[in-house]
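Trainee: Sharing my_file_36.tsv, TSV, C-alpha atoms and all ligand atoms:
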```tsv
chain	number	residue	atom	x	y	z
A	108	VAL	CA	-17.77	184.37	138.95
A	109	HIS	CA	-21.34	185.17	138.01
A	110	LYS	CA	-21.77	187.52	140.97
A	111	THR	CA	-18.63	189.46	140.01
A	112	LYS	CA	-19.85	189.90	136.45
A	113	ILE	CA	-23.21	191.21	137.58
A	114	LYS	CA	-21.55	193.62	140.03
A	115	ILE	CA	-19.29	195.06	137.31
A	116	ALA	CA	-22.27	195.54	134.98
A	117	GLU	CA	-24.22	197.29	137.74
A	118	ASP	CA	-21.28	199.58	138.52
A	119	ALA	CA	-20.89	200.47	134.84
A	120	LEU	CA	-24.58	201.33	134.57
A	121	ASP	CA	-24.42	203.38	137.82
A	122	ALA	CA	-21.46	205.33	136.42
A	123	ASN	CA	-23.40	205.87	133.21
A	124	THR	CA	-26.39	207.23	135.15
A	125	THR	CA	-24.18	209.70	137.01
A	126	ILE	CA	-22.69	211.02	133.76
A	127	ALA	CA	-26.13	211.13	132.13
A	128	HIS	CA	-27.26	213.43	134.97
A	129	ALA	CA	-24.27	215.71	134.32
A	130	ASN	CA	-25.20	215.85	130.62
A	131	ARG	CA	-28.81	216.58	131.57
A	132	ALA	CA	-27.66	219.48	133.76
A	133	ASP	CA	-25.61	220.96	130.88
A	134	PHE	CA	-28.56	220.63	128.47
A	135	ASP	CA	-30.91	222.22	131.02
A	136	ARG	CA	-28.55	225.13	131.60
A	137	ALA	CA	-28.52	225.76	127.85
A	138	GLN	CA	-32.33	225.20	127.71
A	139	VAL	CA	-31.89	222.50	125.10
A	140	ARG	CA	-34.29	219.57	124.80
A	141	VAL	CA	-32.77	216.26	123.78
A	142	VAL	CA	-34.32	213.36	121.85
A	143	ASN	CA	-32.50	210.02	121.62
A	144	MET	CA	-33.45	208.15	118.44
A	145	MET	CA	-32.87	204.41	118.32
A	146	SER	CA	-33.62	201.41	116.12
A	147	ALA	CA	-32.19	198.30	114.55
A	148	PRO	CA	-29.74	199.05	111.72
A	149	GLY	CA	-31.51	200.37	108.64
A	150	ALA	CA	-35.00	200.83	110.13
A	151	GLY	CA	-35.01	204.40	108.81
A	152	LYS	CA	-33.72	206.80	111.50
A	153	THR	CA	-31.72	208.98	109.10
A	154	SER	CA	-34.44	208.88	106.40
A	155	LEU	CA	-37.11	210.02	108.89
A	156	LEU	CA	-34.83	212.82	110.12
A	157	GLU	CA	-34.16	213.91	106.53
A	158	ARG	CA	-37.92	214.30	106.12
A	159	VAL	CA	-38.45	216.75	109.01
A	160	LEU	CA	-35.30	218.47	110.25
A	161	ALA	CA	-35.26	221.32	107.74
A	162	ASP	CA	-38.61	222.60	109.06
A	163	LEU	CA	-39.52	222.22	112.73
A	164	GLY	CA	-41.79	225.24	113.00
A	165	GLY	CA	-38.95	227.60	113.82
A	166	ALA	CA	-37.26	225.40	116.43
A	167	ARG	CA	-33.48	225.41	115.99
A	168	VAL	CA	-32.09	221.89	115.83
A	169	ALA	CA	-28.71	220.16	115.75
A	170	VAL	CA	-27.86	216.47	115.40
A	171	LEU	CA	-25.38	214.31	117.25
A	172	GLU	CA	-24.74	211.37	114.93
A	173	GLY	CA	-23.54	208.12	116.44
A	174	ASP	CA	-21.95	205.45	114.24
A	175	VAL	CA	-19.34	202.78	114.66
A	176	GLN	CA	-17.46	204.14	111.65
A	177	GLY	CA	-17.66	206.81	109.00
A	178	SER	CA	-19.86	209.86	108.46
A	179	LEU	CA	-22.34	208.72	105.78
A	180	ASP	CA	-25.43	209.68	107.83
A	181	ALA	CA	-23.85	212.92	109.10
A	182	ASP	CA	-23.16	213.93	105.50
A	183	ARG	CA	-26.77	213.19	104.51
A	184	LEU	CA	-28.13	215.35	107.36
A	185	ALA	CA	-25.57	218.15	106.98
A	186	SER	CA	-26.86	218.69	103.45
A	187	LEU	CA	-30.08	219.98	105.11
A	188	HIS	CA	-27.97	222.82	106.57
A	189	VAL	CA	-28.45	221.49	110.07
A	190	PRO	CA	-25.37	221.46	112.35
A	191	VAL	CA	-24.20	217.85	112.71
A	192	THR	CA	-21.57	216.51	115.10
A	193	GLN	CA	-20.23	212.99	114.53
A	194	ILE	CA	-19.27	210.50	117.21
A	195	ASN	CA	-17.58	207.32	115.97
A	196	THR	CA	-17.38	204.55	118.53
A	197	ASP	CA	-14.60	202.75	116.67
A	198	PRO	CA	-11.59	204.96	117.50
A	199	GLY	CA	-11.39	205.52	121.25
A	200	PHE	CA	-14.57	203.78	122.39
A	201	GLY	CA	-13.82	200.17	121.42
A	202	GLY	CA	-16.28	200.04	118.52
A	203	GLU	CA	-19.23	200.02	120.91
A	204	CYS	CA	-22.65	199.15	119.47
A	205	HIS	CA	-24.39	202.03	121.30
A	206	LEU	CA	-23.77	205.53	122.60
A	207	ASP	CA	-23.31	205.89	126.34
A	208	ALA	CA	-23.43	208.99	128.52
A	209	ASN	CA	-19.65	209.36	128.53
A	210	MET	CA	-19.43	209.39	124.72
A	211	VAL	CA	-22.14	212.04	124.56
A	212	ARG	CA	-20.33	214.00	127.28
A	213	SER	CA	-17.14	213.97	125.22
A	214	ALA	CA	-19.07	215.57	122.33
A	215	ILE	CA	-20.71	218.36	124.36
A	216	PRO	CA	-17.91	220.92	123.81
A	217	ALA	CA	-18.41	220.48	120.04
A	218	LEU	CA	-22.20	221.05	120.20
A	219	PRO	CA	-23.69	224.50	119.46
A	220	LEU	CA	-25.88	224.33	122.60
A	221	ASP	CA	-26.32	228.10	122.91
A	222	LYS	CA	-27.73	228.31	119.37
A	223	ILE	CA	-30.30	225.50	119.43
A	224	ASP	CA	-33.59	224.48	121.06
A	225	LEU	CA	-33.42	220.77	120.24
A	226	LEU	CA	-30.65	218.21	119.98
A	227	VAL	CA	-31.50	214.98	118.18
A	228	ILE	CA	-29.15	212.10	118.88
A	229	GLU	CA	-29.15	209.38	116.22
A	230	ASN	CA	-27.91	206.39	118.15
A	231	VAL	CA	-25.94	203.48	116.68
A	232	GLY	CA	-28.24	201.04	114.87
A	233	ASN	CA	-28.92	198.26	117.39
A	234	LEU	CA	-32.13	197.03	119.00
A	235	VAL	CA	-30.58	195.94	122.30
A	236	CYS	CA	-27.68	197.90	123.80
A	237	PRO	CA	-28.69	201.55	123.21
A	238	ALA	CA	-31.78	200.99	125.35
A	239	GLU	CA	-29.63	200.24	128.40
A	240	PHE	CA	-27.75	203.53	128.39
A	241	ARG	CA	-29.43	206.82	129.20
A	242	VAL	CA	-27.38	209.68	127.82
A	243	GLY	CA	-29.21	212.66	129.39
A	244	GLU	CA	-32.14	212.75	126.98
A	245	ASP	CA	-35.65	214.14	127.63
A	246	ALA	CA	-37.35	211.64	125.36
A	247	ARG	CA	-36.65	208.50	123.40
A	248	VAL	CA	-37.98	207.68	119.96
A	249	MET	CA	-37.61	204.29	118.39
A	250	VAL	CA	-38.15	203.30	114.80
A	251	ALA	CA	-39.52	199.84	114.08
A	252	ALA	CA	-39.71	198.99	110.37
A	253	VAL	CA	-42.46	196.67	109.20
A	254	THR	CA	-39.78	194.55	107.51
A	255	GLU	CA	-38.53	193.50	110.95
A	256	GLY	CA	-41.55	191.38	111.87
A	257	GLU	CA	-44.43	191.78	114.31
A	258	ASP	CA	-42.76	189.82	117.10
A	259	LYS	CA	-40.05	192.41	117.83
A	260	PRO	CA	-41.71	194.14	120.85
A	261	LEU	CA	-41.84	190.74	122.55
A	262	LYS	CA	-38.23	189.82	121.71
A	263	TYR	CA	-36.61	193.20	122.44
A	264	PRO	CA	-38.92	194.64	125.11
A	265	LEU	CA	-36.55	197.07	126.81
A	266	MET	CA	-36.27	199.47	123.89
A	267	PHE	CA	-40.02	199.37	123.22
A	268	ARG	CA	-40.73	199.86	126.92
A	269	THR	CA	-38.38	202.79	127.52
A	270	CYS	CA	-39.36	205.01	124.59
A	271	GLU	CA	-41.96	207.77	124.45
A	272	LEU	CA	-42.74	207.32	120.74
A	273	VAL	CA	-42.65	204.39	118.33
A	274	LEU	CA	-42.39	205.23	114.62
A	275	VAL	CA	-43.66	202.25	112.64
A	276	ASN	CA	-41.78	202.88	109.39
A	277	LYS	CA	-41.78	201.56	105.81
A	278	ILE	CA	-45.57	201.15	105.74
A	279	ASP	CA	-45.35	201.69	101.95
A	280	LEU	CA	-44.04	198.10	101.86
A	281	LEU	CA	-47.05	196.56	103.65
A	282	PRO	CA	-48.73	195.32	100.42
A	283	HIS	CA	-45.60	193.30	99.66
A	284	LEU	CA	-45.17	191.71	103.11
A	285	ASP	CA	-47.08	189.31	105.32
A	286	PHE	CA	-46.48	191.66	108.28
A	287	ASP	CA	-49.58	191.68	110.53
A	288	LEU	CA	-49.88	195.31	111.69
A	289	ASP	CA	-52.67	194.57	114.19
A	290	ARG	CA	-50.58	191.80	115.74
A	291	PHE	CA	-47.57	194.17	115.97
A	292	LEU	CA	-49.66	196.86	117.72
A	293	TYR	CA	-51.11	194.23	120.06
A	294	ASN	CA	-47.56	193.09	120.94
A	295	LEU	CA	-46.46	196.70	121.39
A	296	ASP	CA	-49.33	197.37	123.82
A	297	LYS	CA	-48.37	194.23	125.72
A	298	VAL	CA	-44.88	195.57	126.52
A	299	HIS	CA	-45.72	199.32	126.60
A	300	PRO	CA	-49.49	199.89	126.90
A	301	GLY	CA	-50.70	202.99	125.10
A	302	VAL	CA	-47.27	204.31	124.06
A	303	ASP	CA	-47.52	207.01	121.36
A	304	ARG	CA	-47.09	205.58	117.90
A	305	CYS	CA	-47.11	206.93	114.35
A	306	LEU	CA	-47.42	204.86	111.21
A	307	VAL	CA	-45.01	206.42	108.74
A	308	SER	CA	-43.20	206.01	105.46
A	309	ALA	CA	-40.04	207.98	104.89
A	310	ARG	CA	-40.39	206.87	101.27
A	311	THR	CA	-43.87	208.28	100.50
A	312	GLY	CA	-44.13	210.85	103.31
A	313	GLU	CA	-47.24	209.22	104.78
A	314	GLY	CA	-47.55	210.03	108.49
A	315	VAL	CA	-44.52	212.31	108.38
A	316	GLU	CA	-46.49	215.43	109.41
A	317	GLU	CA	-47.53	213.67	112.62
A	318	TRP	CA	-43.87	212.83	113.31
A	319	ARG	CA	-42.87	216.42	112.58
A	320	ALA	CA	-45.54	217.73	115.00
A	321	TRP	CA	-44.33	215.35	117.73
A	322	LEU	CA	-40.74	216.56	117.31
A	323	GLU	CA	-41.86	220.21	117.35
A	324	ARG	CA	-43.60	219.57	120.66
A	325	ALA	CA	-40.47	217.83	121.97
A	326	ALA	CA	-38.48	220.97	121.09
A	327	ALA	CA	-40.77	223.23	123.13
A	328	PRO	CA	-39.47	224.36	126.55
A	329	ALA	CA	-40.46	222.17	129.47
A	330	ALA	CA	-43.63	223.25	131.22
A	331	ALA	CA	-42.85	224.91	134.54
A	332	PRO	CA	-43.38	222.52	137.44
A	333	ALA	CA	-46.76	223.14	139.10
A	401	LIG	N1	-39.40	201.39	101.22
A	401	LIG	C1	-38.92	202.14	102.21
A	401	LIG	N2	-37.58	202.20	102.42
A	401	LIG	C2	-37.15	203.00	103.42
A	401	LIG	C3	-38.01	203.75	104.24
A	401	LIG	N3	-37.28	204.42	105.16
A	401	LIG	C4	-35.99	204.09	104.90
A	401	LIG	N4	-35.90	203.25	103.86
A	401	LIG	C5	-34.68	202.68	103.27
A	401	LIG	O1	-34.07	201.84	104.25
A	401	LIG	C6	-32.66	201.95	104.17
A	401	LIG	C7	-32.08	202.36	105.53
A	401	LIG	O2	-32.55	203.66	105.86
A	401	LIG	P1	-31.74	204.61	106.85
A	401	LIG	O3	-32.55	205.84	107.01
A	401	LIG	O4	-30.33	204.75	106.41
A	401	LIG	O5	-31.80	203.75	108.18
A	401	LIG	P2	-31.05	204.01	109.58
A	401	LIG	O6	-31.93	203.51	110.65
A	401	LIG	O7	-30.63	205.43	109.67
A	401	LIG	O8	-29.77	203.06	109.40
A	401	LIG	P3	-28.45	203.00	110.36
A	401	LIG	O9	-28.11	204.41	110.73
A	401	LIG	O10	-27.42	202.35	109.50
A	401	LIG	O11	-28.84	202.15	111.53
A	401	LIG	C8	-32.36	202.96	103.06
A	401	LIG	O12	-32.12	202.24	101.86
A	401	LIG	C9	-33.65	203.75	102.97
A	401	LIG	O13	-33.85	204.30	101.68
A	401	LIG	C10	-39.42	203.65	103.97
A	401	LIG	O14	-40.28	204.27	104.64
A	401	LIG	N5	-39.80	202.84	102.96
A	402	MG	MG	-28.79	206.22	110.06
```
Can you turn what I pasted into structure tokens?
Mentor:
Amino acid sequence: VHKTKIKIAEDALDANTTIAHANRADFDRAQVRVVNMMSAPGAGKTSLLERVLADLGGARVAVLEGDVQGSLDADRLASLHVPVTQINTDPGFGGECHLDANMVRSAIPALPLDKIDLLVIENVGNLVCPAEFRVGEDARVMVAAVTEGEDKPLKYPLMFRTCELVLVNKIDLLPHLDFDLDRFLYNLDKVHPGVDRCLVSARTGEGVEEWRAWLERAAAPAAAPA
């Protein structure tokens, strides 16, 4: 029974990889760079996007917003006059706790790919499942809020290991918490040595310019292969 279960999971992930490659090919054809943003629920993905999306140094951006239900985050981001496309996993996708390549594929016809340089995908809030499913992205960003505890890289290593940038958010709250930032960074380097990280607060704006600069670089066309 165990073997069968593992085989089905492997097949599902293989199918996902195939569709992710098809998405990647569509994004490449349109010369659009794609960033997949992930975190536990409420770590601050939407708040950190609200801080930077209106000004990315001239790069044209759109958002693909993934939620189980509703369009609360899409409405927040649309008020920045950025094109936002909503995917809800509840109707049609079984209420999944993550986006997979097929869900993203189903949204591609609704995306303004010929008018943008960068697509930011806000994944469903979840620290586990989104990390398992590539969707055709160029880069992954994860947000880890200091309210979540310094042990999280050790307990949820896959997401920390498979991202290109870690945004350590809510640092305005540090004086009120017993969160040990040095211990968190030590744990982070244990699972993903040297990964880029920014200490940020969507509340006060601290560190936000560094995050904006990273996203601007992510929007730049890929360097030609040598
Ligand atoms: N103090 C403080 N609160 C923050 C910060 N960033 C976000 N918040 C608050 O945290 C809550 C969740 O923020 P969101 O930006 O909605 O988080 P999210 O990751 O998009 O949440 P989901 O999409 O539901 O997973 C909101 O009440 C924000 O105001 C921060 O830097 N400092
Ligand atoms: Mg959100």
Trainee: Sorted by chain and rising residue number, which residues of segment 211-267 of chain A lie within 8 Å of segment 275-279 of chain A, and what are their closest atom pairs and distances in Å to one decimal, counting only C-alpha atoms, as JSON lines?
Mentor:
```
{"residue": "A:Val250", "atom": "CA", "partner": "A:Val275", "partner_atom": "CA", "distance": 6.0}
{"residue": "A:Ala251", "atom": "CA", "partner": "A:Val275", "partner_atom": "CA", "distance": 5.0}
{"residue": "A:Ala252", "atom": "CA", "partner": "A:Asn276", "partner_atom": "CA", "distance": 4.5}
{"residue": "A:Val253", "atom": "CA", "partner": "A:Lys277", "partner_atom": "CA", "distance": 6.0}
{"residue": "A:Thr254", "atom": "CA", "partner": "A:Lys277", "partner_atom": "CA", "distance": 7.5}
```
Trainee: For segment 108-196 of chain A against segment 299-317 of chain A, with a cut-off of 7 Å and counting all atoms listed in the file, what is the closest atom pair and its distance in Å to one decimal for every residue that makes the cut, ordered by chain and number, as JSON lines?
Mentor:
```
{"residue": "A:Ser154", "atom": "CA", "partner": "A:Ala309", "partner_atom": "CA", "distance": 5.9}
{"residue": "A:Leu155", "atom": "CA", "partner": "A:Ala309", "partner_atom": "CA", "distance": 5.4}
{"residue": "A:Arg158", "atom": "CA", "partner": "A:Ala309", "partner_atom": "CA", "distance": 6.8}
```
Trainee: Between chain A and ligand MG 402 (chain A), at 10 Å or less, what are the per-residue closest atom pairs and their distances in Å? Count all atoms listed in the file, order by chain and rising residue number, and return it as JSON lines.
Mentor:
```
{"residue": "A:Met144", "atom": "CA", "partner": "A:MG402", "partner_atom": "MG", "distance": 9.8}
{"residue": "A:Met145", "atom": "CA", "partner": "A:MG402", "partner_atom": "MG", "distance": 9.4}
{"residue": "A:Ser146", "atom": "CA", "partner": "A:MG402", "partner_atom": "MG", "distance": 9.1}
{"residue": "A:Ala147", "atom": "CA", "partner": "A:MG402", "partner_atom": "MG", "distance": 9.7}
{"residue": "A:Pro148", "atom": "CA", "partner": "A:MG402", "partner_atom": "MG", "distance": 7.4}
{"residue": "A:Gly149", "atom": "CA", "partner": "A:MG402", "partner_atom": "MG", "distance": 6.6}
{"residue": "A:Ala150", "atom": "CA", "partner": "A:MG402", "partner_atom": "MG", "distance": 8.2}
{"residue": "A:Gly151", "atom": "CA", "partner": "A:MG402", "partner_atom": "MG", "distance": 6.6}
{"residue": "A:Lys152", "atom": "CA", "partner": "A:MG402", "partner_atom": "MG", "distance": 5.2}
{"residue": "A:Thr153", "atom": "CA", "partner": "A:MG402", "partner_atom": "MG", "distance": 4.1}
{"residue": "A:Ser154", "atom": "CA", "partner": "A:MG402", "partner_atom": "MG", "distance": 7.2}
{"residue": "A:Leu155", "atom": "CA", "partner": "A:MG402", "partner_atom": "MG", "distance": 9.2}
{"residue": "A:Leu156", "atom": "CA", "partner": "A:MG402", "partner_atom": "MG", "distance": 8.9}
{"residue": "A:Glu172", "atom": "CA", "partner": "A:MG402", "partner_atom": "MG", "distance": 8.2}
{"residue": "A:Gly173", "atom": "CA", "partner": "A:MG402", "partner_atom": "MG", "distance": 8.5}
{"residue": "A:Asp174", "atom": "CA", "partner": "A:MG402", "partner_atom": "MG", "distance": 8.1}
{"residue": "A:Ser178", "atom": "CA", "partner": "A:MG402", "partner_atom": "MG", "distance": 9.8}
{"residue": "A:Leu179", "atom": "CA", "partner": "A:MG402", "partner_atom": "MG", "distance": 8.1}
{"residue": "A:Asp180", "atom": "CA", "partner": "A:MG402", "partner_atom": "MG", "distance": 5.3}
{"residue": "A:Ala181", "atom": "CA", "partner": "A:MG402", "partner_atom": "MG", "distance": 8.4}
{"residue": "A:Arg183", "atom": "CA", "partner": "A:MG402", "partner_atom": "MG", "distance": 9.1}
{"residue": "A:Leu184", "atom": "CA", "partner": "A:MG402", "partner_atom": "MG", "distance": 9.5}
{"residue": "A:Glu229", "atom": "CA", "partner": "A:MG402", "partner_atom": "MG", "distance": 6.9}
{"residue": "A:Asn230", "atom": "CA", "partner": "A:MG402", "partner_atom": "MG", "distance": 8.1}
{"residue": "A:Val231", "atom": "CA", "partner": "A:MG402", "partner_atom": "MG", "distance": 7.7}
{"residue": "A:Gly232", "atom": "CA", "partner": "A:MG402", "partner_atom": "MG", "distance": 7.1}
```
Trainee: When distances are computed from all atoms listed in the file, which of A:Ala122, A:Leu187, A:Ala327, A:Val175 shows the smallest separation from ligand LIG 401 (chain A)?
Mentor: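 That would be A:Val175, the residue with the smallest distance to ligand LIG 401 (chain A).
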Trainee: Taking all atoms listed in the file into account, name the residue in A:Pro282, A:Pro190, A:Ala329, A:Trp321 that is nearest to ligand LIG 401 (chain A).
Mentor: A:Pro282
Trainee: Considering all atoms listed in the file, return as a PDB file with C-alpha atoms, in the frame of the given file whatever protein or nucleic-acid residues lie within 12 Å of His128 of chain A, sequence-local ones (same chain, fewer than 6 positions apart) excluded.
Mentor:
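Final file, result.pdb:
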```
ATOM      1  CA  ASP A 121     -24.420 203.380 137.820  1.00  0.00           C
ATOM      2  CA  ALA A 122     -21.460 205.330 136.420  1.00  0.00           C
ATOM      3  CA  PHE A 134     -28.560 220.630 128.470  1.00  0.00           C
ATOM      4  CA  ASP A 135     -30.910 222.220 131.020  1.00  0.00           C
ATOM      5  CA  ALA A 208     -23.430 208.990 128.520  1.00  0.00           C
ATOM      6  CA  ASN A 209     -19.650 209.360 128.530  1.00  0.00           C
ATOM      7  CA  VAL A 211     -22.140 212.040 124.560  1.00  0.00           C
ATOM      8  CA  ARG A 212     -20.330 214.000 127.280  1.00  0.00           C
ATOM      9  CA  PHE A 240     -27.750 203.530 128.390  1.00  0.00           C
ATOM     10  CA  ARG A 241     -29.430 206.820 129.200  1.00  0.00           C
ATOM     11  CA  VAL A 242     -27.380 209.680 127.820  1.00  0.00           C
ATOM     12  CA  GLY A 243     -29.210 212.660 129.390  1.00  0.00           C
ATOM     13  CA  GLU A 244     -32.140 212.750 126.980  1.00  0.00           C
ATOM     14  CA  ASP A 245     -35.650 214.140 127.630  1.00  0.00           C
TER      15      ASP A 245
END
```
Trainee: Would you compute the distance between atom CA of Val159 of chain A and atom CA of Leu322 of chain A? Give it in Å to one decimal.
Mentor: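 One can read the atom CA of Val159 of chain A to atom CA of Leu322 of chain A distance as 8.6 Å.
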Trainee: Taking all atoms listed in the file into account, which of A:Thr192, A:Thr125, A:Gln176, A:Ser186 comes nearest ligand LIG 401 (chain A)?
Mentor: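 Closest candidate: A:Gln176.
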Trainee: When you count all atoms listed in the file, which of these residues is closest to ligand LIG 401 (chain A): A:Glu157, A:Leu288, A:Lys222, A:Asp207?
Mentor: A:Glu157
Trainee: Could you jot down the atom O8 of ligand LIG 401 (chain A) to atom CA of Ala129 of chain A separation for me, Å, one decimal place?
Mentor: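 That distance, rounded to one decimal, is 28.5 Å.
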